[in-house]
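Asks: What follows is start-v3.txt; its format and atoms are compact mmCIF, C-alpha atoms.
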```
# COMPACT_ATOMS: atom_id res chain seq x y z
CA MET A 220 -48.39 50.03 86.29
CA VAL A 221 -51.72 49.43 87.96
CA LEU A 222 -54.61 47.26 86.82
CA SER A 223 -57.80 49.30 86.64
CA ALA A 224 -61.20 47.86 87.45
CA ALA A 225 -61.83 47.62 83.71
CA ASP A 226 -58.52 45.77 83.21
CA LYS A 227 -59.42 43.25 85.90
CA SER A 228 -62.83 42.73 84.39
CA ASN A 229 -61.35 42.29 80.89
CA VAL A 230 -58.79 39.77 82.12
CA LYS A 231 -61.38 37.75 84.03
CA ALA A 232 -63.67 37.71 81.02
CA ALA A 233 -60.86 36.63 78.69
CA PHE A 234 -59.87 33.76 80.99
CA ALA A 235 -63.53 32.75 81.35
CA LYS A 236 -63.64 32.41 77.55
CA ILE A 237 -60.41 30.38 77.58
CA GLY A 238 -61.99 28.22 80.27
CA GLY A 239 -60.86 24.61 80.39
CA GLN A 240 -58.45 25.11 77.50
CA ALA A 241 -56.03 27.10 79.66
CA GLU A 242 -53.65 24.13 79.85
CA GLU A 243 -53.50 23.87 76.07
CA TYR A 244 -52.93 27.61 75.82
CA GLY A 245 -50.05 27.29 78.29
CA ALA A 246 -48.46 24.43 76.38
CA GLU A 247 -48.81 26.17 73.04
CA ALA A 248 -47.38 29.41 74.44
CA LEU A 249 -44.31 27.50 75.58
CA GLU A 250 -43.98 25.70 72.26
CA ARG A 251 -44.16 29.03 70.42
CA MET A 252 -41.65 30.59 72.80
CA PHE A 253 -39.10 27.79 72.28
CA THR A 254 -39.53 28.03 68.50
CA THR A 255 -39.53 31.82 68.24
CA TYR A 256 -36.93 32.59 70.92
CA PRO A 257 -34.56 29.62 70.95
CA GLN A 258 -32.47 31.16 73.74
CA THR A 259 -35.36 30.37 76.12
CA LYS A 260 -34.60 26.69 75.69
CA THR A 261 -31.48 27.19 77.79
CA TYR A 262 -33.66 27.03 80.88
CA PHE A 263 -34.89 23.54 79.96
CA PRO A 264 -31.84 21.39 79.19
CA HIS A 265 -33.51 18.60 81.14
CA PHE A 266 -36.64 18.62 78.95
CA ASP A 267 -37.52 16.92 75.72
CA LEU A 268 -38.55 20.00 73.72
CA GLY A 269 -39.65 18.13 70.61
CA LYS A 270 -43.11 18.59 69.14
CA GLY A 271 -45.83 17.14 71.33
CA SER A 272 -43.50 16.73 74.28
CA ALA A 273 -45.30 15.49 77.37
CA GLN A 274 -42.91 17.52 79.51
CA VAL A 275 -43.77 20.75 77.67
CA LYS A 276 -47.48 19.94 77.99
CA GLY A 277 -47.02 19.31 81.70
CA HIS A 278 -45.13 22.53 82.15
CA GLY A 279 -47.68 24.45 80.11
CA LYS A 280 -50.32 23.15 82.52
CA LYS A 281 -48.32 24.55 85.46
CA VAL A 282 -47.87 27.94 83.77
CA ALA A 283 -51.58 28.12 82.95
CA ALA A 284 -52.55 27.16 86.50
CA ALA A 285 -50.39 29.97 87.85
CA LEU A 286 -51.99 32.49 85.49
CA VAL A 287 -55.46 31.29 86.46
CA GLU A 288 -54.51 31.59 90.13
CA ALA A 289 -53.35 35.15 89.49
CA VAL A 290 -56.64 35.93 87.73
CA ASN A 291 -58.63 34.48 90.63
CA HIS A 292 -56.71 36.70 93.03
CA ILE A 293 -56.27 39.61 90.72
CA ASP A 294 -56.49 42.12 93.58
CA ASP A 295 -53.40 40.56 95.15
CA ILE A 296 -51.26 38.91 92.49
CA ALA A 297 -48.15 39.28 94.65
CA GLY A 298 -49.81 37.35 97.46
CA ALA A 299 -51.20 34.68 95.16
CA LEU A 300 -47.84 34.06 93.46
CA SER A 301 -45.60 34.64 96.48
CA LYS A 302 -44.26 31.09 96.58
CA LEU A 303 -43.65 31.09 92.82
CA SER A 304 -41.88 34.41 93.22
CA ASP A 305 -39.58 32.86 95.86
CA LEU A 306 -38.92 29.89 93.58
CA HIS A 307 -37.95 32.08 90.64
CA ALA A 308 -35.69 34.26 92.79
CA GLN A 309 -33.91 31.51 94.69
CA LYS A 310 -33.85 28.56 92.38
CA LEU A 311 -34.94 29.19 88.81
CA ARG A 312 -33.50 32.70 88.30
CA VAL A 313 -34.99 33.07 84.84
CA ASP A 314 -33.73 36.36 83.41
CA PRO A 315 -36.52 38.94 83.63
CA VAL A 316 -36.46 39.62 79.88
CA ASN A 317 -37.93 36.17 79.24
CA PHE A 318 -41.27 36.85 80.92
CA LYS A 319 -42.03 39.41 78.24
CA LEU A 320 -41.23 36.79 75.58
CA LEU A 321 -43.60 34.24 77.10
CA GLY A 322 -46.22 36.96 77.50
CA GLN A 323 -45.96 37.81 73.80
CA CYS A 324 -46.41 34.14 72.90
CA PHE A 325 -49.40 33.79 75.21
CA LEU A 326 -51.06 36.77 73.49
CA VAL A 327 -50.34 35.17 70.10
CA VAL A 328 -52.04 31.97 71.27
CA VAL A 329 -55.10 33.90 72.42
CA ALA A 330 -55.14 35.85 69.13
CA SER A 331 -54.85 32.76 66.98
CA ARG A 332 -57.32 30.61 68.93
CA ASN A 333 -59.83 33.23 69.99
CA PRO A 334 -59.39 36.37 67.89
CA GLY A 335 -62.85 37.65 68.76
CA ALA A 336 -61.92 37.69 72.42
CA LEU A 337 -58.83 39.82 71.86
CA THR A 338 -60.36 43.22 71.22
CA PRO A 339 -57.87 46.09 71.49
CA GLU A 340 -59.13 46.89 75.01
CA VAL A 341 -58.76 43.29 76.16
CA HIS A 342 -55.38 43.08 74.44
CA ALA A 343 -54.22 46.10 76.45
CA SER A 344 -55.56 44.66 79.72
CA LEU A 345 -54.08 41.21 79.13
CA ASP A 346 -50.72 42.72 78.22
CA LYS A 347 -50.76 44.73 81.45
CA PHE A 348 -51.78 41.64 83.45
CA LEU A 349 -48.99 39.51 81.97
CA CYS A 350 -46.49 42.32 82.70
CA ALA A 351 -47.76 42.43 86.28
CA VAL A 352 -47.29 38.68 86.66
CA GLY A 353 -43.74 38.94 85.30
CA THR A 354 -43.01 41.80 87.68
CA VAL A 355 -44.25 39.75 90.66
CA LEU A 356 -42.21 36.71 89.66
CA THR A 357 -39.00 38.77 89.43
CA ALA A 358 -39.74 41.07 92.37
CA LYS A 359 -37.51 39.25 94.84
CA TYR A 360 -34.53 38.78 92.51
CA ARG A 361 -32.47 41.40 94.34
CA MET B 117 -26.33 40.40 56.76
CA VAL B 118 -29.39 38.43 57.77
CA HIS B 119 -29.76 34.94 56.36
CA TRP B 120 -33.20 33.73 55.32
CA THR B 121 -33.89 30.08 54.63
CA ALA B 122 -36.11 29.10 51.74
CA GLU B 123 -38.76 28.06 54.25
CA GLU B 124 -38.65 31.45 55.97
CA LYS B 125 -38.98 33.30 52.66
CA GLN B 126 -41.94 31.10 51.76
CA LEU B 127 -43.61 31.76 55.12
CA ILE B 128 -43.09 35.50 54.68
CA THR B 129 -44.48 35.72 51.15
CA SER B 130 -47.38 33.35 51.77
CA VAL B 131 -48.54 35.30 54.83
CA TRP B 132 -48.09 38.61 53.00
CA ALA B 133 -50.27 37.38 50.16
CA LYS B 134 -53.13 36.71 52.59
CA LEU B 135 -53.05 40.17 54.20
CA SER B 136 -55.06 43.25 53.61
CA VAL B 137 -52.25 45.76 54.05
CA GLU B 138 -54.73 48.56 54.72
CA GLU B 139 -56.71 46.65 57.36
CA CYS B 140 -53.79 45.06 59.14
CA GLY B 141 -51.71 48.23 59.06
CA ALA B 142 -54.53 50.31 60.49
CA GLU B 143 -55.27 47.73 63.16
CA ALA B 144 -51.62 47.32 64.16
CA LEU B 145 -51.06 51.05 64.58
CA ALA B 146 -54.35 51.50 66.44
CA ARG B 147 -53.48 48.67 68.81
CA LEU B 148 -50.03 50.17 69.41
CA LEU B 149 -51.64 53.44 70.47
CA ILE B 150 -54.19 51.62 72.65
CA VAL B 151 -51.99 48.96 74.27
CA TYR B 152 -49.00 51.27 74.78
CA PRO B 153 -50.65 54.66 75.16
CA TRP B 154 -47.37 56.48 75.67
CA THR B 155 -46.72 55.92 71.95
CA GLN B 156 -49.41 58.53 71.31
CA ARG B 157 -46.72 61.10 72.05
CA PHE B 158 -45.67 60.93 68.39
CA PHE B 159 -49.13 61.60 67.05
CA ALA B 160 -50.24 64.83 68.69
CA SER B 161 -51.35 66.13 65.29
CA PHE B 162 -53.63 63.15 64.64
CA GLY B 163 -56.67 64.60 66.38
CA ASN B 164 -58.91 62.52 68.61
CA LEU B 165 -57.00 59.70 70.34
CA SER B 166 -59.02 59.95 73.54
CA SER B 167 -60.40 56.39 73.62
CA PRO B 168 -59.92 53.02 71.91
CA THR B 169 -63.05 53.72 69.86
CA ALA B 170 -61.71 57.11 68.81
CA ILE B 171 -58.33 55.63 67.90
CA LEU B 172 -59.85 52.75 65.91
CA GLY B 173 -62.06 55.16 63.97
CA ASN B 174 -59.44 57.86 63.45
CA PRO B 175 -58.83 58.24 59.70
CA MET B 176 -55.29 59.58 60.21
CA VAL B 177 -54.41 56.52 62.25
CA ARG B 178 -55.82 54.26 59.55
CA ALA B 179 -53.94 56.09 56.80
CA HIS B 180 -50.67 56.09 58.69
CA GLY B 181 -51.05 52.42 59.60
CA LYS B 182 -51.51 51.61 55.94
CA LYS B 183 -48.40 53.64 55.08
CA VAL B 184 -46.31 51.84 57.69
CA LEU B 185 -47.36 48.37 56.61
CA THR B 186 -46.97 49.23 52.93
CA SER B 187 -43.35 49.97 53.70
CA PHE B 188 -43.07 46.45 55.06
CA GLY B 189 -43.87 45.33 51.53
CA ASP B 190 -40.64 47.00 50.43
CA ALA B 191 -38.77 45.07 53.08
CA ILE B 192 -40.21 41.81 51.85
CA LYS B 193 -39.07 42.56 48.29
CA ASN B 194 -35.58 43.39 49.59
CA LEU B 195 -34.93 40.83 52.31
CA ASP B 196 -31.26 40.74 51.41
CA ASN B 197 -30.74 44.46 51.82
CA LEU B 198 -32.92 45.72 54.63
CA LYS B 199 -30.41 48.25 55.92
CA GLY B 200 -30.16 49.83 52.47
CA THR B 201 -33.93 49.74 51.98
CA TYR B 202 -34.58 51.51 55.28
CA SER B 203 -31.58 53.85 55.27
CA LYS B 204 -33.51 57.03 54.49
CA LEU B 205 -36.44 56.11 56.72
CA SER B 206 -33.98 55.43 59.52
CA GLU B 207 -32.48 58.89 59.19
CA LEU B 208 -35.96 60.39 59.10
CA HIS B 209 -37.09 58.60 62.26
CA CYS B 210 -33.95 59.75 64.08
CA ASP B 211 -33.38 63.28 62.83
CA LYS B 212 -36.89 64.53 62.15
CA LEU B 213 -39.33 62.30 63.99
CA HIS B 214 -37.15 61.58 67.08
CA VAL B 215 -38.69 58.15 67.63
CA ASP B 216 -37.07 55.84 70.21
CA PRO B 217 -36.30 52.60 68.32
CA GLU B 218 -37.95 50.64 71.13
CA ASN B 219 -41.20 51.73 69.51
CA PHE B 220 -40.33 49.76 66.36
CA ARG B 221 -40.00 46.62 68.50
CA LEU B 222 -43.35 47.33 70.18
CA LEU B 223 -45.08 47.79 66.83
CA GLY B 224 -43.46 44.61 65.51
CA ASP B 225 -44.85 42.57 68.43
CA ILE B 226 -48.29 44.07 67.89
CA LEU B 227 -48.15 43.26 64.17
CA VAL B 228 -47.41 39.61 64.98
CA ILE B 229 -50.48 39.49 67.21
CA VAL B 230 -52.63 41.07 64.47
CA LEU B 231 -51.37 38.45 62.02
CA ALA B 232 -52.20 35.70 64.51
CA ALA B 233 -55.74 37.03 64.88
CA HIS B 234 -56.24 37.14 61.11
CA LEU B 235 -54.63 33.84 60.23
CA THR B 236 -55.69 31.89 63.36
CA LYS B 237 -54.55 28.29 63.13
CA ASP B 238 -52.56 28.99 59.96
CA PHE B 239 -50.26 31.18 62.07
CA THR B 240 -48.14 28.22 63.12
CA PRO B 241 -45.21 28.47 65.54
CA ALA B 242 -42.84 28.38 62.53
CA CYS B 243 -44.79 31.23 60.98
CA GLN B 244 -44.61 33.25 64.19
CA ALA B 245 -40.89 32.59 64.54
CA THR B 246 -40.24 33.80 61.00
CA TRP B 247 -42.33 36.93 61.37
CA GLN B 248 -40.88 37.79 64.79
CA LYS B 249 -37.48 37.52 63.11
CA LEU B 250 -38.67 39.76 60.26
CA VAL B 251 -40.11 42.46 62.51
CA GLY B 252 -36.93 42.29 64.56
CA VAL B 253 -34.64 42.86 61.59
CA VAL B 254 -36.88 45.62 60.24
CA ALA B 255 -36.73 47.33 63.64
CA HIS B 256 -32.94 46.92 63.63
CA ALA B 257 -32.68 48.36 60.10
CA LEU B 258 -34.84 51.33 61.07
CA ALA B 259 -32.57 52.00 64.04
CA HIS B 260 -29.38 51.51 62.10
CA LYS B 261 -28.78 55.12 61.08
CA TYR B 262 -29.45 56.54 64.53
CA HIS B 263 -26.74 58.69 65.99
```
Using structure tokens, write down the structure from this file.

Replies:
Amino acid sequence: MVLSAADKSNVKAAFAKIGGQAEEYGAEALERMFTTYPQTKTYFPHFDLGKGSAQVKGHGKKVAAALVEAVNHIDDIAGALSKLSDLHAQKLRVDPVNFKLLGQCFLVVVASRNPGALTPEVHASLDKFLCAVGTVLTAKYR
Amino acid sequence: MVHWTAEEKQLITSVWAKLSVEECGAEALARLLIVYPWTQRFFASFGNLSSPTAILGNPMVRAHGKKVLTSFGDAIKNLDNLKGTYSKLSELHCDKLHVDPENFRLLGDILVIVLAAHLTKDFTPACQATWQKLVGVVAHALAHKYH
């Protein structure tokens, strides 16, 4: 699956609208993922996952920063996230199915906070982008 | 059998009461066809699906979306017997329509996003969790009679 020029433009525009709230979006996406898909909590036994958790907020900030980095290097997501890809393959080993779950939750956050930004075309592009990020992060698993 | 807490039932019925079944159904199906274009394979007879604009404006898409979401209303009235409720539809989707059940999961995820867009901050994490569970069990019920 390849990101077209229109996809890249849609994704950049969506993230421009999200702007400085990216960290909040990241934290809320995680919170929704833990609530909706409790099995994802198994990767965070060392975290306080209660409401308002500082650790979840901090981790949401990291996730958002990685997405923003991918957007800023959208022509070479694999290059931009290479170190994160190594980390996920060697250390974290999050099962690939979970990236789709987080992606779904991120889209729900965008939809609920900025419905006007999530036109069907942007929805399609963002979904493709999030899939591409997941693919990169799991690319070195085996 | 799926167990629903009182809170889950309340979240389901309260969200349902706020929906326009026609609008949300049409939008969910249109988005399915736009976001996952390979799903158009089931709708060759629907006419012009050549662009997002065409899909969004297509009256057959709108009508079918409404039909699909209306059937969700049946599920909500029969939360304790979803397999029975969807038994005939399951056979239809397998034997006549030949739809891969993965498509039910895709549509379910899209519906959740449409609900989020309509309800905005009222679509809390608890709400999302309940509705993801609902679309999941509906998808499972629709796949149940496959052979």

Asks: Can you tell me how far CA of Glu143 in chain B sits from CA of Val230 in chain A, in Å to one decimal?

Replies: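 One can read the CA of Glu143 in chain B to CA of Val230 in chain A distance as 20.9 Å.
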
Asks: Using all atoms listed in the file, I'd like a table of the residues in chain B that come within 7 Å of chain A; for each, show the closest atom pair and its distance in Å rounded to one decimal, ordered by chain and ascending number, as a tab-separated table.

Replies:
```
residue	atom	partner	partner_atom	distance
B:Arg147	CA	A:Pro339	CA	5.8
B:Ile150	CA	A:Ala343	CA	6.7
B:Val151	CA	A:Ala343	CA	4.2
B:Pro168	CA	A:Glu340	CA	6.9
B:Ile229	CA	A:Val327	CA	5.2
B:Ala232	CA	A:Ser331	CA	4.7
B:Ala233	CA	A:Ala330	CA	4.5
B:Leu235	CA	A:Ser331	CA	6.8
B:Thr236	CA	A:Ser331	CA	3.8
B:Lys237	CA	A:Ser331	CA	5.9
B:Phe239	CA	A:Ser331	CA	6.9
B:Pro241	CA	A:Arg251	CA	5.0
B:Ala242	CA	A:Thr254	CA	6.8
B:Gln244	CA	A:Thr255	CA	6.7
B:Ala245	CA	A:Thr255	CA	4.0
```

Asks: When you draw a straight line from CA of Leu165 in chain B to CA of Gln248 in chain B, how long is it in Å?

Replies: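 Pair CA of Leu165 in chain B / CA of Gln248 in chain B returns 27.8 Å.
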
Asks: If we count all atoms listed in the file and set the cut-off at 9 Å, which residues sit around His260 in chain B, ignoring sequence neighbours fewer than 2 positions away in its own chain? Please answer as a ChimeraX atom specification.

Replies: /B:199,202-203,206-207,255-258,262-263

Asks: So, counting only C-alpha atoms, which residue among B:Leu195, B:Ala160, B:Val230, B:Val177 is closest to Thr121 in chain B?

Replies: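 Ranked by minimum distance to Thr121 in chain B, first place goes to B:Leu195.
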
Asks: Once you add 5 Å to each side, what are the centre and edge lengths of the axis-aligned box holding all listed atoms of range 325-332 of chain A? One decimal in Å, as lines of an AutoDock Vina configuration file, if you can.

Replies:
```
center_x = -53.4
center_y = 33.7
center_z = 71.1
size_x = 17.9
size_y = 16.2
size_z = 18.2
```

Asks: Near range 278-290 of chain A, counting only C-alpha atoms, which residues have an atom at most 7 Å away, once you skip same-chain residues fewer than 6 positions from it, shown as a ChimeraX atom specification?

Replies: /A:231,241-242,245-246,249,296,299-300

Asks: Export, as a compact mmCIF listing (two decimals), in the frame of the given file, the selected residues with C-alpha atoms.

Replies:
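Now in part25.txt:
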```
# COMPACT_ATOMS: atom_id res chain seq x y z
CA LYS A 231 -61.38 37.75 84.03
CA ALA A 241 -56.03 27.10 79.66
CA GLU A 242 -53.65 24.13 79.85
CA GLY A 245 -50.05 27.29 78.29
CA ALA A 246 -48.46 24.43 76.38
CA LEU A 249 -44.31 27.50 75.58
CA ILE A 296 -51.26 38.91 92.49
CA ALA A 299 -51.20 34.68 95.16
CA LEU A 300 -47.84 34.06 93.46
```
